[in-house]
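**Student:** Below is the file my_file.tsv, with TSV, C-alpha atoms.
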```tsv
chain	number	residue	atom	x	y	z
A	412	MET	CA	-2.83	7.43	-19.94
A	413	THR	CA	-4.28	6.24	-16.64
A	414	LEU	CA	-2.12	3.54	-15.08
A	415	ASP	CA	-4.08	0.59	-13.74
A	416	LEU	CA	-1.43	-0.78	-11.43
A	417	THR	CA	1.73	0.23	-9.61
A	418	ILE	CA	3.98	-2.64	-8.51
A	419	ILE	CA	6.49	-1.78	-5.79
A	420	VAL	CA	9.52	-4.03	-5.43
A	421	PRO	CA	11.55	-3.37	-2.26
A	422	ALA	CA	15.12	-4.62	-2.63
A	423	PHE	CA	18.10	-4.85	-0.31
A	424	ASN	CA	21.28	-6.45	-1.64
A	425	GLU	CA	19.34	-8.43	-4.24
A	426	VAL	CA	21.79	-8.23	-7.13
A	427	ALA	CA	22.19	-12.03	-7.26
A	428	ARG	CA	18.44	-12.69	-7.45
A	429	LEU	CA	17.08	-9.86	-9.60
A	430	ALA	CA	17.61	-11.53	-12.97
A	431	GLU	CA	15.75	-14.70	-11.99
A	432	GLY	CA	12.95	-12.65	-10.46
A	433	MET	CA	12.70	-10.64	-13.67
A	434	ARG	CA	12.45	-13.83	-15.71
A	435	ARG	CA	9.46	-14.89	-13.65
A	436	PHE	CA	7.92	-11.46	-14.17
A	437	ASP	CA	8.52	-11.69	-17.93
A	438	ALA	CA	6.72	-15.03	-17.95
A	439	ALA	CA	3.71	-13.36	-16.34
A	440	VAL	CA	3.79	-10.64	-19.00
A	441	SER	CA	4.01	-13.24	-21.79
A	442	ASP	CA	1.03	-15.11	-20.30
A	443	GLY	CA	-1.04	-11.91	-20.26
A	444	ALA	CA	-1.13	-11.63	-16.47
A	445	VAL	CA	0.49	-8.16	-16.58
A	446	ASP	CA	-0.21	-5.40	-19.09
A	447	ILE	CA	3.07	-3.49	-19.06
A	448	ASP	CA	1.53	-0.62	-21.00
A	449	ARG	CA	-0.78	0.12	-18.07
A	450	THR	CA	1.51	-0.96	-15.22
A	451	GLU	CA	4.39	0.90	-13.60
A	452	ILE	CA	7.21	-0.87	-11.77
A	453	LEU	CA	8.92	0.99	-8.93
A	454	LEU	CA	11.98	-0.76	-7.53
A	455	VAL	CA	13.06	0.81	-4.25
A	456	ASP	CA	16.68	0.06	-3.40
A	457	ASP	CA	16.85	0.08	0.39
A	458	GLY	CA	20.44	1.26	0.79
A	459	SER	CA	22.05	-1.74	-0.92
A	460	THR	CA	25.81	-2.08	-1.08
A	461	ASP	CA	26.05	-4.63	-3.89
A	462	GLY	CA	24.99	-2.74	-7.02
A	463	THR	CA	21.30	-3.62	-6.79
A	464	ALA	CA	20.18	-0.26	-8.19
A	465	ALA	CA	22.42	-0.39	-11.26
A	466	THR	CA	21.41	-3.97	-12.04
A	467	ALA	CA	17.74	-3.10	-11.64
A	468	ARG	CA	18.02	-0.17	-14.05
A	469	GLY	CA	19.48	-2.46	-16.67
A	470	LEU	CA	16.73	-5.05	-16.23
A	471	LEU	CA	13.85	-2.56	-16.19
A	472	THR	CA	14.96	-0.20	-18.93
A	473	ARG	CA	12.80	-1.83	-21.61
A	474	LEU	CA	9.59	-1.38	-19.61
A	475	PRO	CA	7.55	1.69	-20.62
A	476	HIS	CA	6.73	2.76	-17.05
A	477	HIS	CA	9.41	2.16	-14.44
A	478	ALA	CA	11.71	3.84	-11.97
A	479	VAL	CA	14.51	2.81	-9.63
A	480	VAL	CA	14.59	4.79	-6.40
A	481	SER	CA	17.58	4.53	-4.07
A	482	LEU	CA	17.39	5.24	-0.35
A	483	PRO	CA	20.64	6.66	1.06
A	484	GLU	CA	20.83	4.02	3.78
A	485	ASN	CA	19.18	0.75	4.77
A	486	ARG	CA	15.95	1.70	6.56
A	487	GLY	CA	13.90	-1.50	6.38
A	488	LYS	CA	11.35	-3.09	4.09
A	489	GLY	CA	8.47	-1.04	5.50
A	490	ALA	CA	10.27	2.21	4.73
A	491	ALA	CA	11.10	1.01	1.22
A	492	VAL	CA	7.49	0.09	0.44
A	493	ARG	CA	6.26	3.40	1.92
A	494	THR	CA	8.64	5.26	-0.39
A	495	GLY	CA	7.09	3.46	-3.34
A	496	VAL	CA	3.55	4.24	-2.15
A	497	VAL	CA	4.39	7.96	-2.13
A	498	LEU	CA	5.28	7.72	-5.82
A	499	ALA	CA	2.51	5.32	-6.91
A	500	ARG	CA	0.10	6.66	-9.52
A	501	GLY	CA	-1.78	3.50	-10.46
A	502	THR	CA	-5.40	2.93	-9.56
A	503	TYR	CA	-4.16	-0.02	-7.53
A	504	THR	CA	-0.85	-0.49	-5.74
A	505	ALA	CA	0.78	-3.84	-5.06
A	506	TYR	CA	4.09	-4.86	-3.60
A	507	MET	CA	6.03	-8.08	-4.06
A	508	ASP	CA	9.50	-9.35	-3.27
A	509	ALA	CA	12.41	-8.94	-5.65
A	510	ASP	CA	12.95	-12.70	-5.97
A	511	MET	CA	9.34	-13.15	-7.19
A	512	ALA	CA	9.03	-16.17	-4.88
A	513	ILE	CA	5.29	-15.70	-5.34
A	514	ASP	CA	4.46	-16.50	-8.96
A	515	PRO	CA	3.54	-13.09	-10.45
A	516	ARG	CA	1.01	-14.78	-12.71
A	517	ALA	CA	-1.29	-14.47	-9.68
A	518	ILE	CA	-1.38	-10.68	-10.08
A	519	PRO	CA	-4.81	-10.68	-11.83
A	520	LEU	CA	-6.25	-12.67	-8.93
A	521	LEU	CA	-4.77	-10.23	-6.42
A	522	VAL	CA	-6.00	-7.13	-8.25
A	523	GLY	CA	-9.34	-8.72	-9.09
A	524	ALA	CA	-10.08	-9.11	-5.39
A	525	LEU	CA	-9.92	-5.32	-5.06
A	526	GLN	CA	-13.13	-4.90	-7.04
A	527	ALA	CA	-15.05	-5.73	-3.85
A	528	ASN	CA	-12.36	-5.20	-1.20
A	529	ASP	CA	-9.95	-2.52	-0.05
A	530	LEU	CA	-6.92	-4.80	0.41
A	531	ALA	CA	-5.96	-8.16	-1.02
A	532	VAL	CA	-3.26	-10.34	0.51
A	533	GLY	CA	-1.61	-13.47	-0.79
A	534	SER	CA	-1.80	-16.38	1.62
A	535	ARG	CA	0.33	-19.52	1.55
A	536	ALA	CA	-2.04	-21.06	4.10
A	537	LEU	CA	-5.10	-21.32	1.84
A	538	PRO	CA	-6.12	-24.78	0.57
A	539	ASP	CA	-5.59	-23.78	-3.07
A	540	SER	CA	-2.09	-22.42	-2.47
A	541	MET	CA	1.04	-24.34	-3.50
A	542	VAL	CA	4.18	-24.11	-1.39
A	543	GLU	CA	7.53	-25.49	-2.48
A	544	SER	CA	10.08	-25.50	0.32
A	545	THR	CA	12.39	-27.93	2.08
A	546	HIS	CA	13.09	-25.45	4.88
A	547	ALA	CA	10.99	-26.92	7.71
A	548	LEU	CA	12.37	-24.56	10.37
A	549	ARG	CA	11.34	-21.50	8.36
A	550	SER	CA	7.81	-22.89	7.96
A	551	ILE	CA	7.47	-23.74	11.65
A	552	LEU	CA	8.71	-20.33	12.78
A	553	GLY	CA	6.38	-18.65	10.29
A	554	ARG	CA	3.35	-20.44	11.71
A	555	LEU	CA	4.42	-19.65	15.26
A	556	PHE	CA	4.90	-15.99	14.41
A	557	ASN	CA	1.42	-15.77	12.93
A	558	ARG	CA	-0.14	-17.35	16.01
A	559	LEU	CA	1.59	-14.82	18.25
A	560	VAL	CA	0.47	-12.03	15.93
A	561	THR	CA	-3.14	-13.21	16.13
A	562	VAL	CA	-3.00	-13.05	19.92
A	563	GLY	CA	-1.52	-9.56	19.84
A	564	THR	CA	-3.74	-7.98	17.20
A	565	GLY	CA	-6.99	-9.90	16.91
A	566	LEU	CA	-6.28	-10.56	13.24
A	567	HIS	CA	-7.55	-13.87	11.91
A	568	LEU	CA	-5.26	-14.12	8.92
A	569	PRO	CA	-3.05	-17.23	8.82
A	570	ASP	CA	-0.30	-15.62	6.72
A	571	THR	CA	0.41	-11.97	7.52
A	572	GLN	CA	3.97	-12.03	6.17
A	573	CYS	CA	3.39	-13.10	2.59
A	574	GLY	CA	5.19	-10.53	0.44
A	575	PHE	CA	2.34	-10.24	-2.06
A	576	LYS	CA	-0.27	-7.62	-1.20
A	577	ALA	CA	-2.36	-5.06	-3.08
A	578	PHE	CA	-4.47	-2.04	-2.18
A	579	ARG	CA	-6.67	0.54	-3.73
A	580	THR	CA	-4.05	3.27	-3.96
A	581	PRO	CA	-5.76	5.90	-1.75
A	582	VAL	CA	-6.12	3.19	0.89
A	583	ALA	CA	-2.41	2.40	0.62
A	584	ARG	CA	-1.49	6.07	1.08
A	585	LEU	CA	-3.61	6.37	4.23
A	586	LEU	CA	-2.36	3.15	5.81
A	587	PHE	CA	1.32	3.75	5.09
A	588	HIS	CA	1.04	7.32	6.39
A	589	LEU	CA	-0.33	6.05	9.69
A	590	VAL	CA	1.97	3.03	10.11
A	591	ARG	CA	5.55	4.11	10.79
A	592	ILE	CA	7.17	0.76	11.53
A	593	ASP	CA	10.03	0.43	9.07
A	594	GLY	CA	11.03	-3.18	9.70
A	595	PHE	CA	9.46	-6.47	8.65
A	596	ALA	CA	6.58	-6.09	11.13
A	597	PHE	CA	5.04	-3.34	9.00
A	598	ASP	CA	2.85	-5.95	7.25
A	599	VAL	CA	1.17	-6.85	10.52
A	600	GLU	CA	0.53	-3.25	11.47
A	601	ILE	CA	-0.89	-2.38	8.06
A	602	LEU	CA	-3.37	-5.26	8.35
A	603	ALA	CA	-4.24	-4.50	11.98
A	604	LEU	CA	-4.92	-0.86	11.18
A	605	ALA	CA	-6.99	-1.78	8.13
A	606	HIS	CA	-9.09	-4.04	10.34
A	607	ARG	CA	-9.55	-1.24	12.88
A	608	LEU	CA	-10.76	1.15	10.18
A	609	GLY	CA	-13.31	-1.33	8.90
A	610	LEU	CA	-11.55	-1.94	5.60
A	611	ARG	CA	-12.30	-5.19	3.82
A	612	ILE	CA	-9.39	-7.62	3.41
A	613	ALA	CA	-9.47	-10.47	0.91
A	614	GLU	CA	-7.12	-13.46	0.88
A	615	VAL	CA	-6.02	-15.06	-2.38
A	616	PRO	CA	-4.13	-18.32	-2.97
A	617	VAL	CA	-0.58	-18.19	-4.29
A	618	GLN	CA	2.14	-20.41	-5.66
A	619	TRP	CA	5.27	-19.90	-3.57
A	620	ARG	CA	8.68	-21.45	-3.79
A	621	HIS	CA	11.65	-20.84	-1.57
A	622	VAL	CA	14.44	-18.88	-3.25
A	623	SER	CA	17.83	-19.07	-1.56
A	624	GLY	CA	19.63	-15.91	-0.55
A	625	SER	CA	16.82	-14.17	1.34
A	626	THR	CA	17.83	-11.30	3.63
A	627	VAL	CA	15.10	-12.40	6.07
A	628	HIS	CA	16.49	-14.68	8.78
A	629	PRO	CA	13.69	-16.34	10.82
A	630	MET	CA	15.68	-16.83	14.02
A	631	HIS	CA	17.33	-13.42	13.92
A	632	ASP	CA	14.41	-11.30	12.70
A	633	SER	CA	11.42	-12.81	14.52
A	634	ILE	CA	12.19	-11.22	17.90
A	635	PRO	CA	12.50	-7.64	16.55
A	636	MET	CA	9.33	-8.19	14.51
A	637	LEU	CA	7.34	-9.34	17.53
A	638	THR	CA	8.82	-6.51	19.61
A	639	ASP	CA	7.58	-3.97	17.08
A	640	VAL	CA	4.11	-5.55	17.01
A	641	TYR	CA	3.70	-5.47	20.78
A	642	ARG	CA	5.21	-2.00	21.13
A	643	SER	CA	2.54	-0.83	18.71
A	644	ARG	CA	-0.19	-2.65	20.65
A	645	LEU	CA	0.97	-0.84	23.82
A	646	GLY	CA	0.82	2.55	22.09
A	647	LEU	CA	4.58	3.02	22.12
A	648	VAL	CA	4.79	3.60	18.36
A	649	PRO	CA	3.37	7.04	17.50
A	650	THR	CA	0.57	7.23	14.94
A	651	PRO	CA	0.77	10.56	13.09
A	652	SER	CA	-2.30	12.61	12.35
A	653	VAL	CA	-3.43	13.00	8.74
A	654	PRO	CA	-3.46	16.55	7.31
A	655	SER	CA	-6.86	17.10	5.77
A	656	VAL	CA	-9.24	19.67	4.31
A	657	ARG	CA	-12.94	19.61	5.15
A	658	VAL	CA	-15.59	21.19	2.94
A	659	SER	CA	-18.85	21.47	4.89
A	660	ASP	CA	-22.38	22.04	3.67
A	661	GLU	CA	-24.73	21.25	6.52
A	662	SER	CA	-27.76	22.28	4.47
A	663	ALA	CA	-27.34	19.55	1.83
A	664	ALA	CA	-26.93	15.81	1.79
A	665	VAL	CA	-23.51	14.72	0.60
A	666	ASP	CA	-23.67	11.89	-1.90
A	667	ALA	CA	-20.27	10.43	-2.80
A	668	GLY	CA	-21.58	8.84	-5.98
A	669	ALA	CA	-23.99	11.37	-7.43
A	670	ASN	CA	-22.88	13.26	-10.51
A	671	GLY	CA	-22.53	16.94	-9.69
A	672	GLY	CA	-22.59	16.15	-5.95
A	673	LEU	CA	-20.32	17.90	-3.52
A	674	ALA	CA	-17.98	14.93	-3.19
A	675	GLU	CA	-17.54	14.67	-6.94
A	676	ARG	CA	-16.87	18.39	-7.27
A	677	VAL	CA	-14.28	18.25	-4.48
A	678	ARG	CA	-12.52	15.34	-6.16
A	679	THR	CA	-12.36	17.23	-9.45
A	680	VAL	CA	-10.75	20.27	-7.81
A	681	VAL	CA	-8.28	18.14	-5.86
A	682	ALA	CA	-7.33	16.19	-8.99
A	683	ALA	CA	-6.47	19.38	-10.84
A	684	THR	CA	-4.61	20.85	-7.88
A	685	LEU	CA	-2.49	17.80	-7.07
A	686	GLU	CA	-2.18	16.66	-10.69
A	687	GLY	CA	-3.91	13.36	-10.04
A	688	VAL	CA	-2.11	12.26	-6.85
A	689	PRO	CA	-4.47	9.52	-5.59
A	690	VAL	CA	-5.28	10.86	-2.13
A	691	PRO	CA	-8.40	9.58	-0.35
A	692	VAL	CA	-11.54	11.71	-0.39
A	693	VAL	CA	-14.36	10.57	1.90
A	694	ALA	CA	-17.93	11.82	2.25
A	695	ALA	CA	-19.11	12.26	5.82
A	696	LYS	CA	-22.33	13.69	7.21
A	697	GLY	CA	-22.73	17.20	5.82
A	698	SER	CA	-19.14	17.41	4.59
A	699	VAL	CA	-16.43	16.00	2.36
A	700	ILE	CA	-12.95	15.37	3.76
A	701	THR	CA	-9.89	15.38	1.54
A	702	MET	CA	-7.09	13.55	3.33
A	703	LEU	CA	-3.52	14.30	2.36
A	704	PRO	CA	-1.46	11.34	3.61
A	705	LEU	CA	2.13	11.19	2.38
A	706	VAL	CA	1.71	14.61	0.75
A	707	ASP	CA	4.14	17.49	1.37
A	708	GLN	CA	2.85	19.97	3.92
A	709	SER	CA	3.37	22.75	1.39
A	710	ASP	CA	0.58	21.26	-0.69
A	711	LEU	CA	-1.95	21.54	2.14
A	712	GLN	CA	-2.45	25.28	1.79
A	713	VAL	CA	-2.56	24.96	-1.99
A	714	VAL	CA	-5.48	22.54	-1.70
A	715	VAL	CA	-7.19	24.76	0.89
A	716	SER	CA	-6.92	27.79	-1.40
A	717	ALA	CA	-8.21	25.88	-4.43
A	718	LEU	CA	-11.23	24.59	-2.53
A	719	GLN	CA	-11.95	28.01	-0.99
A	720	THR	CA	-11.98	29.50	-4.48
A	721	GLU	CA	-14.33	26.82	-5.78
A	722	PHE	CA	-16.68	26.74	-2.79
A	723	LYS	CA	-16.98	30.35	-1.70
A	724	GLY	CA	-20.35	29.84	-0.02
A	725	LEU	CA	-19.24	26.86	2.05
A	726	SER	CA	-16.97	26.30	5.01
A	727	VAL	CA	-13.48	25.15	3.97
A	728	SER	CA	-11.04	24.41	6.76
A	729	SER	CA	-7.80	22.51	7.27
A	730	GLN	CA	-7.50	20.06	10.12
A	731	SER	CA	-5.40	17.20	11.40
A	732	ILE	CA	-7.29	13.94	11.77
A	733	ASP	CA	-6.02	11.53	14.40
A	734	ILE	CA	-6.69	7.82	14.51
A	735	LYS	CA	-9.61	8.19	16.95
A	736	THR	CA	-11.35	10.60	14.59
A	737	LEU	CA	-10.79	8.24	11.68
A	738	VAL	CA	-12.32	5.37	13.61
A	739	ALA	CA	-15.26	7.60	14.56
A	740	LEU	CA	-16.07	8.06	10.86
A	741	GLY	CA	-17.27	4.46	10.85
A	742	SER	CA	-16.22	1.75	8.45
A	743	LEU	CA	-14.18	3.26	5.64
A	744	SER	CA	-14.62	0.28	3.32
A	745	ASN	CA	-15.37	1.40	-0.24
A	746	ARG	CA	-15.46	5.04	0.90
A	747	LEU	CA	-11.88	6.18	0.25
A	748	GLU	CA	-12.18	7.34	-3.35
A	749	ALA	CA	-9.34	8.99	-5.22
A	750	PRO	CA	-9.73	12.08	-7.41
A	751	PRO	CA	-9.94	11.29	-11.12
A	752	SER	CA	-6.71	11.48	-13.08
A	753	PRO	CA	-6.50	14.67	-15.14
A	754	ALA	CA	-7.05	14.20	-18.87
```
Could I get this file's structure written as structure tokens?

**Tutor:**
Amino acid sequence: MTLDLTIIVPAFNEVARLAEGMRRFDAAVSDGAVDIDRTEILLVDDGSTDGTAATARGLLTRLPHHAVVSLPENRGKGAAVRTGVVLARGTYTAYMDADMAIDPRAIPLLVGALQANDLAVGSRALPDSMVESTHALRSILGRLFNRLVTVGTGLHLPDTQCGFKAFRTPVARLLFHLVRIDGFAFDVEILALAHRLGLRIAEVPVQWRHVSGSTVHPMHDSIPMLTDVYRSRLGLVPTPSVPSVRVSDESAAVDAGANGGLAERVRTVVAATLEGVPVPVVAAKGSVITMLPLVDQSDLQVVVSALQTEFKGLSVSSQSIDIKTLVALGSLSNRLEAPPSPA
């Protein structure tokens, strides 16, 4: 069965809030907002010391598609979400906080926005959003942080830190491969990079209520978050290249959507070789590029060999694509298609 959606839940010392968050999720399931038969839940325990993983296993055990993944040490929310993206097999990938402070009944709205966009982000700043909080300092610091982020990145999104975002899964793999900030600032960098690559970002309204016990402390965490953002802007955070395989046919037009076209044939081979791992495949002038973000290096040569066998008359070569080359491909919106899942 093809999974429609992967939901990643990063969690650090959340044992006291998991049950309430799960009740909110159950309400969304009961209301028909989540089809648990076509949705997988991946809870990533970010090195908790309070029994979060064991509690999560007990709460999730009745779901047909779920896993609890434990990191050996606390690495940060960005690292936890990236770990989930590596494992995601849904057509779309979302992440949300363990306390479900954002009402999960908004999931259809979030995923629905991906029909015409590459990313969808919840925003507490939209007119239709509802925010329940008596913590004025947190709200003021949040607005200040977003203003500073806008100055540093050129983003015009009023709420970059809302823990309720979704992606087409191949887009998520590419972005999380390139962004290596592990702390809370990863959200900003993901959005800034998406903007740079010409990906379309939609905002959706949410219902948010403050849940006590958050591990995010506005006064303590804002400075490291801003430091990470500006270090990235100054080029001090390395952006890794993306291992890729290019199949070139300069004599023929490459049509990503045509049945029997080169792009479609490449996707079919890659799907069989990687057993449906949703890596991005993009058609460029005279060639098709299979990107392998967040894929083990050992799989690179396997994909090269499979494509060489299938396309003996064409040029098949491995390469590393850096961020400048990605930008040079032009806007990637609606171009990063995943191979079809094997039957």

**Student:** How close does segment 425-528 of chain A get to segment 606-624 of chain A? List, as a Markdown table, each residue of segment 425-528 of chain A within 7 Å, its nearest atom pair and the distance in Å to one decimal, counting all atoms listed in the file.

**Tutor:**
```
| residue | atom | partner | partner_atom | distance |
| --- | --- | --- | --- | --- |
| A:Asp510 | CA | A:Val622 | CA | 6.9 |
| A:Ala512 | CA | A:Arg620 | CA | 5.4 |
| A:Ile513 | CA | A:Trp619 | CA | 4.6 |
| A:Asp514 | CA | A:Gln618 | CA | 5.6 |
| A:Ala517 | CA | A:Val617 | CA | 6.6 |
| A:Leu520 | CA | A:Val615 | CA | 7.0 |
| A:Leu521 | CA | A:Val615 | CA | 6.4 |
| A:Ala524 | CA | A:Ala613 | CA | 6.5 |
| A:Asn528 | CA | A:Arg611 | CA | 5.0 |
```

**Student:** Would you mind telling me which residue in A:Thr736, A:Lys723, A:Ala603, A:Ala583 lies nearest to Ser655 of chain A when using only C-alpha atoms?

**Tutor:**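 That would be A:Thr736, the residue with the smallest distance to Ser655 of chain A.
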
**Student:** Between atom CA of Asp660 of chain A and atom CA of Met702 of chain A, what is the distance, to one decimal in Å?

**Tutor:**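 Distance between the two atoms: 17.5 Å.
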
**Student:** Please, what distance in Å, to one decimal, runs between atom CA of Ala464 of chain A and atom CA of Asp446 of chain A?

**Tutor:**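 Pair atom CA of Ala464 of chain A / atom CA of Asp446 of chain A returns 23.7 Å.
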
**Student:** Of the candidates A:Asp733, A:Glu686, A:Asp570, A:Glu484, which one gets nearest to Val653 of chain A if we count only C-alpha atoms?

**Tutor:** A:Asp733

**Student:** Of the candidates A:Arg516, A:Arg591, A:Arg579, A:His567, which one gets nearest to Ala536 of chain A if we count all atoms listed in the file?

**Tutor:**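 Of all the options, A:His567 lies closest to Ala536 of chain A.
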
**Student:** Would you work out the distance separating atom CA of Ile601 of chain A from atom CA of Val715 of chain A, expressed in Å to one decimal?

**Tutor:**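 Distance between the two atoms: 28.8 Å.
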
**Student:** Any idea what's packed within 12 Å of Ile452 of chain A, counting only C-alpha atoms, ignoring anything in its chain fewer than 6 positions away? Could you give it as a ChimeraX atom specification?

**Tutor:** /A:414-421,433,436,445-446,467-468,470-480,495-496,498-501,504-507,509
